[in-house]
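Next comes final12.txt, with compact mmCIF, C-alpha atoms.
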# COMPACT_ATOMS: atom_id res chain seq x y z
CA MET P 1 164.14 80.10 87.13
CA ILE P 2 160.56 80.88 86.13
CA ILE P 3 159.33 80.31 82.60
CA ASP P 4 156.56 82.88 82.44
CA VAL P 5 153.79 82.25 79.94
CA SER P 6 151.13 83.88 82.10
CA SER P 7 151.00 86.76 79.63
CA ASP P 8 152.92 88.20 76.71
CA ASN P 9 153.23 91.47 78.60
CA VAL P 10 156.08 89.94 80.61
CA THR P 11 158.46 90.57 77.71
CA GLN P 12 161.56 92.59 78.55
CA PRO P 13 162.67 95.61 76.52
CA THR P 14 165.44 94.86 74.04
CA ALA P 15 168.95 96.22 74.52
CA GLU P 16 168.27 98.69 71.71
CA MET P 17 165.13 99.92 73.48
CA ARG P 18 167.02 100.43 76.73
CA GLU P 19 169.74 102.41 74.95
CA ALA P 20 167.16 104.54 73.14
CA MET P 21 165.45 105.25 76.47
CA ARG P 22 168.78 106.25 77.99
CA GLN P 23 169.50 108.69 75.20
CA ALA P 24 166.00 110.14 74.86
CA GLU P 25 165.69 113.90 75.29
CA VAL P 26 162.86 114.60 77.70
CA HIS P 27 160.65 117.64 78.18
CA GLY P 28 158.41 118.76 81.00
CA PHE P 29 155.13 120.63 81.13
CA GLY P 30 154.57 123.34 78.52
CA VAL P 31 156.40 121.77 75.59
CA PRO P 32 153.68 121.39 72.93
CA ASN P 33 155.50 118.91 70.73
CA ASP P 34 157.96 116.16 71.44
CA LYS P 35 159.81 114.78 68.43
CA ILE P 36 159.97 111.14 69.55
CA ILE P 37 156.34 111.05 70.63
CA ASP P 38 155.32 112.73 67.38
CA GLN P 39 157.26 110.12 65.39
CA LEU P 40 155.66 107.28 67.34
CA GLU P 41 152.15 108.63 66.86
CA GLU P 42 152.69 109.31 63.15
CA LEU P 43 154.02 105.80 62.62
CA ALA P 44 151.09 104.23 64.50
CA ALA P 45 148.62 106.22 62.42
CA ASP P 46 150.36 105.14 59.22
CA ILE P 47 150.45 101.44 60.20
CA THR P 48 146.72 101.41 60.99
CA GLY P 49 145.71 103.66 58.10
CA LYS P 50 144.14 106.25 60.39
CA GLU P 51 144.48 110.04 60.36
CA ASP P 52 146.03 110.43 63.79
CA ALA P 53 147.17 108.55 66.88
CA ILE P 54 147.84 109.16 70.55
CA LEU P 55 150.17 107.43 73.01
CA MET P 56 148.23 106.02 75.97
CA PRO P 57 149.62 104.57 79.21
CA THR P 58 147.57 101.35 79.01
CA GLY P 59 145.29 99.45 76.68
CA THR P 60 142.49 99.66 79.23
CA GLN P 61 142.66 103.45 79.30
CA ALA P 62 142.93 103.52 75.49
CA ASN P 63 139.69 101.52 75.21
CA LEU P 64 137.98 103.75 77.75
CA VAL P 65 139.08 106.94 75.99
CA ALA P 66 138.01 105.50 72.63
CA ILE P 67 134.52 104.96 74.03
CA LEU P 68 134.40 108.32 75.82
CA SER P 69 135.49 110.18 72.69
CA GLN P 70 132.79 108.63 70.49
CA THR P 71 129.75 108.47 72.79
CA GLU P 72 127.67 110.45 75.23
CA PRO P 73 126.21 109.26 78.55
CA TYR P 74 123.05 107.16 78.22
CA GLN P 75 123.96 105.91 74.73
CA GLU P 76 124.34 102.19 74.00
CA VAL P 77 127.71 100.52 73.46
CA ILE P 78 127.67 96.96 72.11
CA VAL P 79 130.45 94.54 73.12
CA GLY P 80 131.10 90.83 73.42
CA PRO P 81 130.08 89.08 76.66
CA ASP P 82 133.62 87.76 77.12
CA SER P 83 135.43 90.73 75.63
CA HIS P 84 138.30 92.35 77.50
CA ILE P 85 136.32 95.60 77.68
CA TYR P 86 133.40 93.86 79.39
CA GLU P 87 135.21 91.31 81.56
CA GLN P 88 138.61 92.78 82.41
CA GLU P 89 138.33 96.57 82.64
CA LEU P 90 136.42 96.98 85.91
CA GLY P 91 133.29 98.41 84.33
CA GLY P 92 134.99 101.70 83.52
CA VAL P 93 132.80 102.33 80.50
CA GLY P 94 129.73 102.31 82.72
CA ALA P 95 131.20 104.02 85.75
CA ILE P 96 133.08 106.75 83.87
CA ALA P 97 131.58 107.00 80.39
CA GLY P 98 128.05 106.53 81.71
CA VAL P 99 126.99 104.47 78.72
CA MET P 100 124.67 101.49 78.60
CA ILE P 101 126.49 98.25 77.81
CA LYS P 102 124.82 95.59 75.72
CA THR P 103 126.40 92.26 74.79
CA TRP P 104 125.67 89.89 71.95
CA ALA P 105 124.22 86.49 72.76
CA SER P 106 127.22 84.16 72.70
CA PRO P 107 130.89 84.34 73.66
CA GLY P 108 133.66 84.91 71.17
CA ILE P 109 133.61 86.65 67.81
CA PRO P 110 129.99 87.08 66.68
CA SER P 111 128.53 85.79 63.48
CA ALA P 112 126.97 88.34 61.16
CA SER P 113 123.47 87.15 62.11
CA ILE P 114 124.16 87.38 65.85
CA LEU P 115 125.60 90.86 65.47
CA GLN P 116 122.66 91.95 63.32
CA GLU P 117 120.16 90.80 65.95
CA THR P 118 122.18 92.67 68.58
CA VAL P 119 122.40 96.00 66.78
CA GLN P 120 118.86 95.75 65.40
CA PRO P 121 116.99 93.58 67.92
CA SER P 122 113.72 92.15 66.67
CA TYR P 123 112.07 92.94 70.00
CA ARG P 124 112.88 96.66 69.90
CA PHE P 125 110.25 99.15 68.84
CA PRO P 126 112.18 102.41 68.47
CA THR P 127 110.73 105.33 70.40
CA ILE P 128 112.14 108.43 72.01
CA ALA P 129 112.69 106.29 75.12
CA SER P 130 114.69 103.55 73.36
CA PRO P 131 118.45 103.19 73.86
CA LYS P 132 120.52 104.80 71.13
CA PRO P 133 123.09 102.31 69.80
CA THR P 134 126.19 104.37 69.09
CA LEU P 135 129.31 102.19 69.16
CA VAL P 136 130.18 98.55 68.48
CA CYS P 137 133.44 97.21 69.98
CA LEU P 138 135.17 94.25 68.35
CA GLU P 139 138.31 92.45 69.53
CA ASN P 140 141.08 91.05 67.31
CA SER P 141 142.68 88.75 68.22
CA HIS P 142 140.08 87.58 70.73
CA ASN P 143 141.73 86.90 74.08
CA ALA P 144 139.06 84.79 75.79
CA SER P 145 138.68 82.62 72.69
CA GLY P 146 142.33 81.65 72.72
CA GLY P 147 143.59 84.24 70.28
CA THR P 148 140.96 83.59 67.63
CA LEU P 149 141.26 86.13 64.85
CA ILE P 150 138.87 88.09 62.68
CA SER P 151 139.93 87.78 59.06
CA VAL P 152 139.82 90.74 56.68
CA GLY P 153 136.70 89.35 55.01
CA LYS P 154 134.97 88.68 58.32
CA MET P 155 135.88 92.15 59.59
CA ARG P 156 134.35 93.75 56.52
CA GLU P 157 131.18 91.69 56.94
CA LEU P 158 130.82 92.57 60.63
CA CYS P 159 131.45 96.26 59.99
CA ARG P 160 128.87 96.28 57.20
CA VAL P 161 126.27 94.71 59.49
CA ALA P 162 127.13 97.00 62.40
CA ARG P 163 126.88 100.16 60.32
CA GLU P 164 123.33 99.35 59.28
CA ALA P 165 122.32 100.56 62.74
CA VAL P 166 125.38 101.89 64.58
CA PRO P 167 127.50 104.84 63.42
CA LYS P 168 130.83 104.02 65.09
CA ILE P 169 133.08 100.95 65.45
CA HIS P 170 136.04 100.55 67.82
CA LEU P 171 138.56 97.72 67.51
CA ASP P 172 140.37 96.45 70.60
CA GLY P 173 143.48 95.27 68.80
CA ALA P 174 145.76 94.66 71.76
CA ARG P 175 147.33 91.75 69.82
CA ILE P 176 146.50 92.96 66.31
CA PHE P 177 150.03 92.26 65.04
CA ASN P 178 149.69 88.60 66.01
CA ALA P 179 146.34 88.51 64.20
CA ALA P 180 147.82 90.15 61.10
CA ALA P 181 150.73 87.70 61.05
CA SER P 182 148.38 84.73 61.31
CA ALA P 183 146.07 86.09 58.61
CA GLN P 184 149.08 86.95 56.43
CA THR P 185 147.80 90.47 55.95
CA THR P 186 148.45 93.96 57.30
CA VAL P 187 147.20 95.73 60.40
CA ARG P 188 145.88 98.43 58.06
CA ASP P 189 143.67 95.90 56.26
CA LEU P 190 142.41 94.35 59.50
CA SER P 191 141.47 97.72 60.97
CA GLU P 192 140.13 99.30 57.78
CA GLY P 193 136.47 99.09 58.78
CA ALA P 194 136.91 100.48 62.30
CA ASP P 195 136.77 104.16 63.18
CA THR P 196 139.27 103.69 66.00
CA ILE P 197 141.74 100.98 66.97
CA MET P 198 143.82 100.39 70.07
CA PHE P 199 146.91 98.21 70.11
CA SER P 200 149.44 97.36 72.83
CA LEU P 201 153.13 98.15 72.69
CA ASP P 202 154.05 96.12 75.77
CA LYS P 203 152.92 92.62 74.80
CA CYS P 204 154.70 90.76 72.00
CA LEU P 205 156.28 94.01 70.79
CA SER P 206 158.33 94.06 74.03
CA ALA P 207 158.11 97.78 74.87
CA PRO P 208 158.07 98.46 78.62
CA PHE P 209 154.92 100.54 78.50
CA GLY P 210 151.96 101.78 76.62
CA ALA P 211 149.33 101.44 73.94
CA MET P 212 148.35 103.44 70.88
CA LEU P 213 144.89 104.74 70.08
CA CYS P 214 144.43 105.57 66.40
CA GLY P 215 141.53 107.17 64.59
CA PRO P 216 140.13 110.29 62.91
CA THR P 217 141.81 113.62 63.68
CA GLU P 218 138.75 115.01 65.46
CA THR P 219 138.34 111.91 67.62
CA ILE P 220 142.01 111.83 68.62
CA ALA P 221 141.91 115.56 69.45
CA ARG P 222 139.08 114.81 71.86
CA ALA P 223 141.01 111.80 73.16
CA ARG P 224 143.93 114.07 74.12
CA ARG P 225 141.69 116.08 76.41
CA LEU P 226 140.10 112.96 77.86
CA ARG P 227 143.49 111.38 78.51
CA ARG P 228 144.38 114.44 80.55
CA MET P 229 141.12 114.24 82.48
CA LEU P 230 141.80 110.60 83.37
CA GLY P 231 145.34 111.31 84.55
CA GLY P 232 146.94 109.56 81.60
CA TYR P 233 149.09 112.47 80.45
CA ILE P 234 152.69 111.63 81.33
CA ARG P 235 155.47 114.19 81.42
CA LYS P 236 158.89 113.12 80.14
CA ALA P 237 157.13 110.38 78.21
CA ALA P 238 159.78 110.53 75.49
CA ILE P 239 161.80 108.01 77.51
CA LEU P 240 158.98 105.53 77.10
CA ALA P 241 158.06 106.59 73.57
CA ALA P 242 161.63 105.90 72.44
CA ALA P 243 161.13 102.21 73.24
CA GLY P 244 157.69 102.22 71.63
CA LEU P 245 159.14 103.62 68.42
CA ILE P 246 161.63 100.76 68.19
CA ALA P 247 158.81 98.32 68.96
CA LEU P 248 156.91 99.51 65.88
CA GLU P 249 159.95 99.82 63.67
CA LYS P 250 161.63 96.51 64.48
CA MET P 251 159.41 94.13 66.47
CA THR P 252 156.18 93.85 64.50
CA GLN P 253 157.51 91.39 61.91
CA ARG P 254 158.92 88.92 64.41
CA VAL P 255 155.57 88.12 66.12
CA VAL P 256 155.06 85.43 63.48
CA GLU P 257 157.72 83.52 65.43
CA ASP P 258 155.53 83.64 68.55
CA ASN P 259 152.54 82.32 66.62
CA SER P 260 154.68 79.53 65.18
CA ARG P 261 156.12 78.62 68.58
CA ALA P 262 152.63 78.51 70.09
CA ALA P 263 151.50 76.16 67.30
CA SER P 264 154.46 73.89 67.96
CA ILE P 265 153.86 73.76 71.71
CA ALA P 266 150.13 73.15 71.21
CA ALA P 267 150.84 70.25 68.83
CA ARG P 268 152.85 68.57 71.59
CA LEU P 269 150.29 69.31 74.29
CA ILE P 270 147.39 67.92 72.24
CA ALA P 271 149.20 64.57 72.17
CA ILE P 272 149.04 64.29 75.98
CA GLU P 273 146.30 61.91 77.05
CA GLY P 274 143.41 63.67 78.74
CA LEU P 275 144.47 67.16 77.70
CA ILE P 276 142.39 69.35 75.40
CA VAL P 277 143.73 72.40 73.58
CA ASP P 278 140.82 74.55 72.49
CA PRO P 279 140.90 76.06 69.93
CA TYR P 280 143.22 73.80 68.00
CA PRO P 281 145.13 74.49 65.86
CA VAL P 282 145.94 77.61 67.84
CA PRO P 283 145.20 80.73 65.76
CA THR P 284 147.87 83.08 67.12
CA ASN P 285 150.16 83.12 70.17
CA LEU P 286 147.69 82.03 72.88
CA ILE P 287 147.18 78.43 73.97
CA MET P 288 144.04 77.53 75.92
CA ILE P 289 144.29 74.26 77.85
CA ASN P 290 140.87 72.84 78.71
CA LEU P 291 140.95 70.71 81.87
CA SER P 292 137.29 69.72 81.94
CA THR P 293 137.90 66.07 81.00
CA LEU P 294 140.64 65.76 83.61
CA GLY P 295 138.35 67.00 86.36
CA VAL P 296 141.15 69.16 87.73
CA ASP P 297 140.60 72.64 89.11
CA PRO P 298 142.58 75.05 86.88
CA GLN P 299 143.88 76.96 89.89
CA VAL P 300 145.32 73.76 91.34
CA PHE P 301 146.76 72.83 87.95
CA ALA P 302 148.41 76.24 87.48
CA GLU P 303 149.78 76.36 91.01
CA GLY P 304 151.24 72.88 90.59
CA LEU P 305 152.95 73.87 87.34
CA LYS P 306 154.54 76.85 89.03
CA GLU P 307 155.52 75.18 92.31
CA ASN P 308 156.81 71.94 90.81
CA TYR P 309 158.17 73.08 87.45
CA GLY P 310 158.62 76.85 87.60
CA ILE P 311 156.09 77.53 84.81
CA ALA P 312 153.83 80.53 85.39
CA SER P 313 150.49 80.38 83.56
CA HIS P 314 147.13 82.15 83.74
CA VAL P 315 143.86 80.67 84.98
CA TYR P 316 141.05 81.56 82.61
CA GLY P 317 137.48 80.67 83.47
CA ARG P 318 136.15 77.55 85.12
CA TYR P 319 138.12 75.00 83.11
CA MET P 320 140.92 76.77 81.29
CA VAL P 321 144.60 77.57 81.77
CA ARG P 322 146.21 79.93 79.26
CA PHE P 323 149.77 80.03 77.95
CA ALA P 324 150.82 83.22 76.14
CA VAL P 325 153.87 82.68 73.96
CA HIS P 326 156.33 85.54 73.41
CA ARG P 327 159.91 86.18 72.28
CA HIS P 328 161.47 84.76 75.44
CA ILE P 329 160.02 81.32 74.67
CA GLY P 330 162.41 79.45 72.39
CA LEU P 331 162.97 75.79 71.56
CA LYS P 332 164.54 75.04 74.94
CA GLU P 333 161.54 76.51 76.75
CA GLU P 334 159.17 74.70 74.39
CA ASN P 335 160.78 71.34 75.18
CA TYR P 336 160.67 72.01 78.89
CA ILE P 337 157.04 73.18 78.88
CA ALA P 338 155.88 70.16 76.87
CA SER P 339 157.66 67.63 79.09
CA ALA P 340 156.65 69.37 82.32
CA VAL P 341 152.97 69.54 81.37
CA GLU P 342 153.01 65.87 80.32
CA GLU P 343 154.56 64.85 83.63
CA TRP P 344 152.20 67.06 85.65
CA VAL P 345 149.13 65.71 83.84
CA GLY P 346 150.33 62.16 84.54
CA ARG P 347 150.85 62.95 88.21
CA THR P 348 147.46 64.66 88.39
CA ILE P 349 145.68 61.70 86.82
CA ASN P 350 147.45 59.24 89.12
CA GLU P 351 146.69 61.29 92.23
CA SER P 352 143.08 61.68 91.15
CA GLY P 353 142.85 57.93 90.57
CA SER P 354 144.29 57.22 94.00
CA ASP P 355 141.76 59.53 95.62
CA HIS P 356 138.91 57.81 93.81
CA GLU P 357 140.20 54.40 94.98
CA VAL P 358 140.36 55.61 98.60
CA ASP P 359 136.81 56.96 98.30
CA ARG P 360 135.61 53.64 96.86
CA GLN P 361 137.23 51.64 99.67
CA GLU P 362 135.84 53.97 102.34
CA ARG P 363 132.35 53.51 100.96

Kindly present the structure from the file in structure tokens form.
Amino acid sequence: MIIDVSSDNVTQPTAEMREAMRQAEVHGFGVPNDKIIDQLEELAADITGKEDAILMPTGTQANLVAILSQTEPYQEVIVGPDSHIYEQELGGVGAIAGVMIKTWASPGIPSASILQETVQPSYRFPTIASPKPTLVCLENSHNASGGTLISVGKMRELCRVAREAVPKIHLDGARIFNAAASAQTTVRDLSEGADTIMFSLDKCLSAPFGAMLCGPTETIARARRLRRMLGGYIRKAAILAAAGLIALEKMTQRVVEDNSRAASIAARLIAIEGLIVDPYPVPTNLIMINLSTLGVDPQVFAEGLKENYGIASHVYGRYMVRFAVHRHIGLKEENYIASAVEEWVGRTINESGSDHEVDRQER
């Protein structure tokens, strides 16, 4: 048996989702409206406080369409250096949208001063030849920073600073429900300052497919055409939308359990000698294990966890291994993960010590 914490997109659809998919009435080409898809899109728009919404096949395509629908080629799009859009989406915004990408100076969620210098750089003397900053992309929760969240107050501050120089803001909210649960607020409040927001249906919400892109009516109308251009229009999508509708109706409130479980696991991992959890306390449902003090390659560490203990994790960067907690991780899995990691760290330290002793003797 594999305990998979490599991502929260490994969640399985619930029995109710599977039954709804089985019963869904599907339509082919030429049917302008589909009741289930309409319901899903209306609910997503209502949850985020936006005028309209569109069902997208993936979060990556939703981000790309959000950028395409709010920019023109040659314009400047400002993102984080370790954002999912910049690091994990194969450069689609440059290759397909034709925009210029600019990143702020440091990883993670920017401070107001860092963002201000990025959108209004002190070195720039605006001329007809200067880049035209058009869109700022924020991420909440922030994946590469271990699920760090942008609070409502921080979001308002960043949006205020951005809009001093940039007309549009997009929010990559793949895990926005985890962020909202941690901040004890609503998705609507967290996304209030953004023109558009994307969120995933297939992570902690457990749907088998999809993401929602929400925003102004005019922007979403353009997004529908762009989705078609990119091959993202799916016939008979009601089967998939039926599961997404249940995800939004019944799964959004339970993600607080995933955040709580992640906090509990992290508290046990932080007690293991030589192991660093960063950030700690964990903000949402992601746990970043920093192996720099152990001197262990994260790929070796992750492979050992899987081969020896059946725990699948995700290597992240030069020193980090990530655990993503979801609804299939209960107390039994928590106990097993904590004990397995403690044992594996002990074995790793002992083996590393033995290697150092051999090296010393050989010298």

(message) Applying 10 Å and all atoms listed in the file, which residues near Gly94 of chain P remain after dropping the ones on its own chain fewer than 4 positions away? List them as a ChimeraX atom specification.
(response) /P:64,73-74,77,86,90,98-101

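Going from atom CA of Arg163 of chain P to atom CA of Ser191 of chain P covers 14.8 Å.
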
(message) Ranking P:Ser292, P:Gln75, P:Thr284, P:Thr219 by minimum distance to Ile54 of chain P and counting only C-alpha atoms, which one comes first?
(response) P:Thr219

(request) Taking (159.2, 112.8, 76.9) in the file's own coordinates, collect the residues within 6 Å, counting only C-alpha atoms, and hand them back as an MDAnalysis selection string. (result) chainID P and resid 26:27 236:239

Please write as a JSON list (two decimals) with C-alpha atoms, in the frame of the given file the list of polymer residues whose atoms come within 9 Å of (151.5, 95.2, 71.5), counting all atoms listed in the file and keeping to the coordinates of the file.
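Saved file point_18.json follows:
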[["chain", "number", "residue", "atom", "x", "y", "z"],
["P", 8, "ASP", "CA", 152.92, 88.20, 76.71],
["P", 9, "ASN", "CA", 153.23, 91.47, 78.60],
["P", 173, "GLY", "CA", 143.48, 95.27, 68.80],
["P", 174, "ALA", "CA", 145.76, 94.66, 71.76],
["P", 175, "ARG", "CA", 147.33, 91.75, 69.82],
["P", 176, "ILE", "CA", 146.50, 92.96, 66.31],
["P", 177, "PHE", "CA", 150.03, 92.26, 65.04],
["P", 178, "ASN", "CA", 149.69, 88.60, 66.01],
["P", 199, "PHE", "CA", 146.91, 98.21, 70.11],
["P", 200, "SER", "CA", 149.44, 97.36, 72.83],
["P", 201, "LEU", "CA", 153.13, 98.15, 72.69],
["P", 202, "ASP", "CA", 154.05, 96.12, 75.77],
["P", 203, "LYS", "CA", 152.92, 92.62, 74.80],
["P", 204, "CYS", "CA", 154.70, 90.76, 72.00],
["P", 205, "LEU", "CA", 156.28, 94.01, 70.79],
["P", 206, "SER", "CA", 158.33, 94.06, 74.03],
["P", 207, "ALA", "CA", 158.11, 97.78, 74.87],
["P", 210, "GLY", "CA", 151.96, 101.78, 76.62],
["P", 211, "ALA", "CA", 149.33, 101.44, 73.94],
["P", 212, "MET", "CA", 148.35, 103.44, 70.88],
["P", 247, "ALA", "CA", 158.81, 98.32, 68.96],
["P", 248, "LEU", "CA", 156.91, 99.51, 65.88],
["P", 252, "THR", "CA", 156.18, 93.85, 64.50]]

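Atom CA of Asp4 of chain P is found 10.3 Å from atom CA of Ile337 of chain P.
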
Can I get the residues of segment 218-266 of chain P within 10 Å of segment 278-281 of chain P, each with the closest pair of atoms and their distance in Å to one decimal, using all atoms listed in the file, sorted chain first then ascending number, as CSV?
residue,atom,partner,partner_atom,distance
P:Ala262,CA,P:Pro281,CA,9.5
P:Ala263,CA,P:Pro281,CA,6.7
P:Ser264,CA,P:Pro281,CA,9.6
P:Ala266,CA,P:Pro281,CA,7.4

(request) Can you pull out every residue within 8 Å of segment 133-141 of chain P, counting all atoms listed in the file, but drop anything in the same chain fewer than 3 positions away, and send it as a VMD selection string? (result) chain P and resid 67 70 to 71 75 to 80 83 to 84 109 119 147 to 150 162 165 to 176 178 to 179 284

(message) List as JSON, numbers by chain the protein and nucleic acid residues near segment 341-346 of chain P, meaning an atom at most 10 Å away when all atoms listed in the file are counted, but skip any in the same chain fewer than 6 places from it.
(response) {"P": [268, 269, 271, 272, 273, 274, 275, 291, 294, 296, 301, 304, 305, 308, 309, 311, 352]}

Residues from the last selection, C-alpha atoms, saved as a tab-separated table (two decimals), keeping the file's coordinate frame:
chain	number	residue	atom	x	y	z
P	268	ARG	CA	152.85	68.57	71.59
P	269	LEU	CA	150.29	69.31	74.29
P	271	ALA	CA	149.20	64.57	72.17
P	272	ILE	CA	149.04	64.29	75.98
P	273	GLU	CA	146.30	61.91	77.05
P	274	GLY	CA	143.41	63.67	78.74
P	275	LEU	CA	144.47	67.16	77.70
P	291	LEU	CA	140.95	70.71	81.87
P	294	LEU	CA	140.64	65.76	83.61
P	296	VAL	CA	141.15	69.16	87.73
P	301	PHE	CA	146.76	72.83	87.95
P	304	GLY	CA	151.24	72.88	90.59
P	305	LEU	CA	152.95	73.87	87.34
P	308	ASN	CA	156.81	71.94	90.81
P	309	TYR	CA	158.17	73.08	87.45
P	311	ILE	CA	156.09	77.53	84.81
P	352	SER	CA	143.08	61.68	91.15

(message) Please report the interatomic distance between atom CA of Arg22 of chain P and atom CA of Met198 of chain P in Å with one decimal.
(response) 26.8 Å

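Shortest separation to Ala194 of chain P among P:His142, P:Arg18, P:Lys50, P:Lys154 occurs at residue P:Lys50, atoms counted being only C-alpha atoms.
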
Would you mind writing segment 291-307 of chain P with N, CA and C atoms, as a PDB file, in the frame of the given file?
ATOM      1  N   LEU P 291     140.734  71.781  80.885  1.00  0.00           N
ATOM      2  CA  LEU P 291     140.950  70.710  81.870  1.00  0.00           C
ATOM      3  C   LEU P 291     139.658  69.994  82.248  1.00  0.00           C
ATOM      4  N   SER P 292     138.582  70.260  81.520  1.00  0.00           N
ATOM      5  CA  SER P 292     137.290  69.720  81.940  1.00  0.00           C
ATOM      6  C   SER P 292     137.262  68.204  81.967  1.00  0.00           C
ATOM      7  N   THR P 293     137.923  67.539  81.016  1.00  0.00           N
ATOM      8  CA  THR P 293     137.900  66.070  81.000  1.00  0.00           C
ATOM      9  C   THR P 293     138.790  65.476  82.082  1.00  0.00           C
ATOM     10  N   LEU P 294     139.766  66.242  82.538  1.00  0.00           N
ATOM     11  CA  LEU P 294     140.640  65.760  83.610  1.00  0.00           C
ATOM     12  C   LEU P 294     139.987  65.889  84.982  1.00  0.00           C
ATOM     13  N   GLY P 295     138.994  66.770  85.069  1.00  0.00           N
ATOM     14  CA  GLY P 295     138.350  67.000  86.360  1.00  0.00           C
ATOM     15  C   GLY P 295     139.253  67.667  87.360  1.00  0.00           C
ATOM     16  N   VAL P 296     140.179  68.485  86.872  1.00  0.00           N
ATOM     17  CA  VAL P 296     141.150  69.160  87.730  1.00  0.00           C
ATOM     18  C   VAL P 296     140.818  70.647  87.779  1.00  0.00           C
ATOM     19  N   ASP P 297     140.818  71.216  88.969  1.00  0.00           N
ATOM     20  CA  ASP P 297     140.600  72.640  89.110  1.00  0.00           C
ATOM     21  C   ASP P 297     141.765  73.384  88.453  1.00  0.00           C
ATOM     22  N   PRO P 298     141.488  74.360  87.582  1.00  0.00           N
ATOM     23  CA  PRO P 298     142.580  75.050  86.880  1.00  0.00           C
ATOM     24  C   PRO P 298     143.530  75.791  87.808  1.00  0.00           C
ATOM     25  N   GLN P 299     143.012  76.279  88.933  1.00  0.00           N
ATOM     26  CA  GLN P 299     143.880  76.960  89.890  1.00  0.00           C
ATOM     27  C   GLN P 299     144.893  75.993  90.490  1.00  0.00           C
ATOM     28  N   VAL P 300     144.428  74.792  90.809  1.00  0.00           N
ATOM     29  CA  VAL P 300     145.320  73.760  91.340  1.00  0.00           C
ATOM     30  C   VAL P 300     146.343  73.355  90.281  1.00  0.00           C
ATOM     31  N   PHE P 301     145.869  73.211  89.054  1.00  0.00           N
ATOM     32  CA  PHE P 301     146.760  72.830  87.950  1.00  0.00           C
ATOM     33  C   PHE P 301     147.843  73.874  87.741  1.00  0.00           C
ATOM     34  N   ALA P 302     147.445  75.150  87.707  1.00  0.00           N
ATOM     35  CA  ALA P 302     148.410  76.240  87.480  1.00  0.00           C
ATOM     36  C   ALA P 302     149.389  76.373  88.628  1.00  0.00           C
ATOM     37  N   GLU P 303     148.897  76.261  89.841  1.00  0.00           N
ATOM     38  CA  GLU P 303     149.780  76.360  91.010  1.00  0.00           C
ATOM     39  C   GLU P 303     150.778  75.211  91.026  1.00  0.00           C
ATOM     40  N   GLY P 304     150.327  74.025  90.641  1.00  0.00           N
ATOM     41  CA  GLY P 304     151.240  72.880  90.590  1.00  0.00           C
ATOM     42  C   GLY P 304     152.316  73.064  89.537  1.00  0.00           C
ATOM     43  N   LEU P 305     151.954  73.605  88.381  1.00  0.00           N
ATOM     44  CA  LEU P 305     152.950  73.870  87.340  1.00  0.00           C
ATOM     45  C   LEU P 305     154.014  74.835  87.838  1.00  0.00           C
ATOM     46  N   LYS P 306     153.589  75.845  88.566  1.00  0.00           N
ATOM     47  CA  LYS P 306     154.540  76.850  89.030  1.00  0.00           C
ATOM     48  C   LYS P 306     155.407  76.318  90.168  1.00  0.00           C
ATOM     49  N   GLU P 307     154.773  75.656  91.143  1.00  0.00           N
ATOM     50  CA  GLU P 307     155.520  75.180  92.310  1.00  0.00           C
ATOM     51  C   GLU P 307     156.457  74.033  91.970  1.00  0.00           C
TER      52      GLU P 307
END
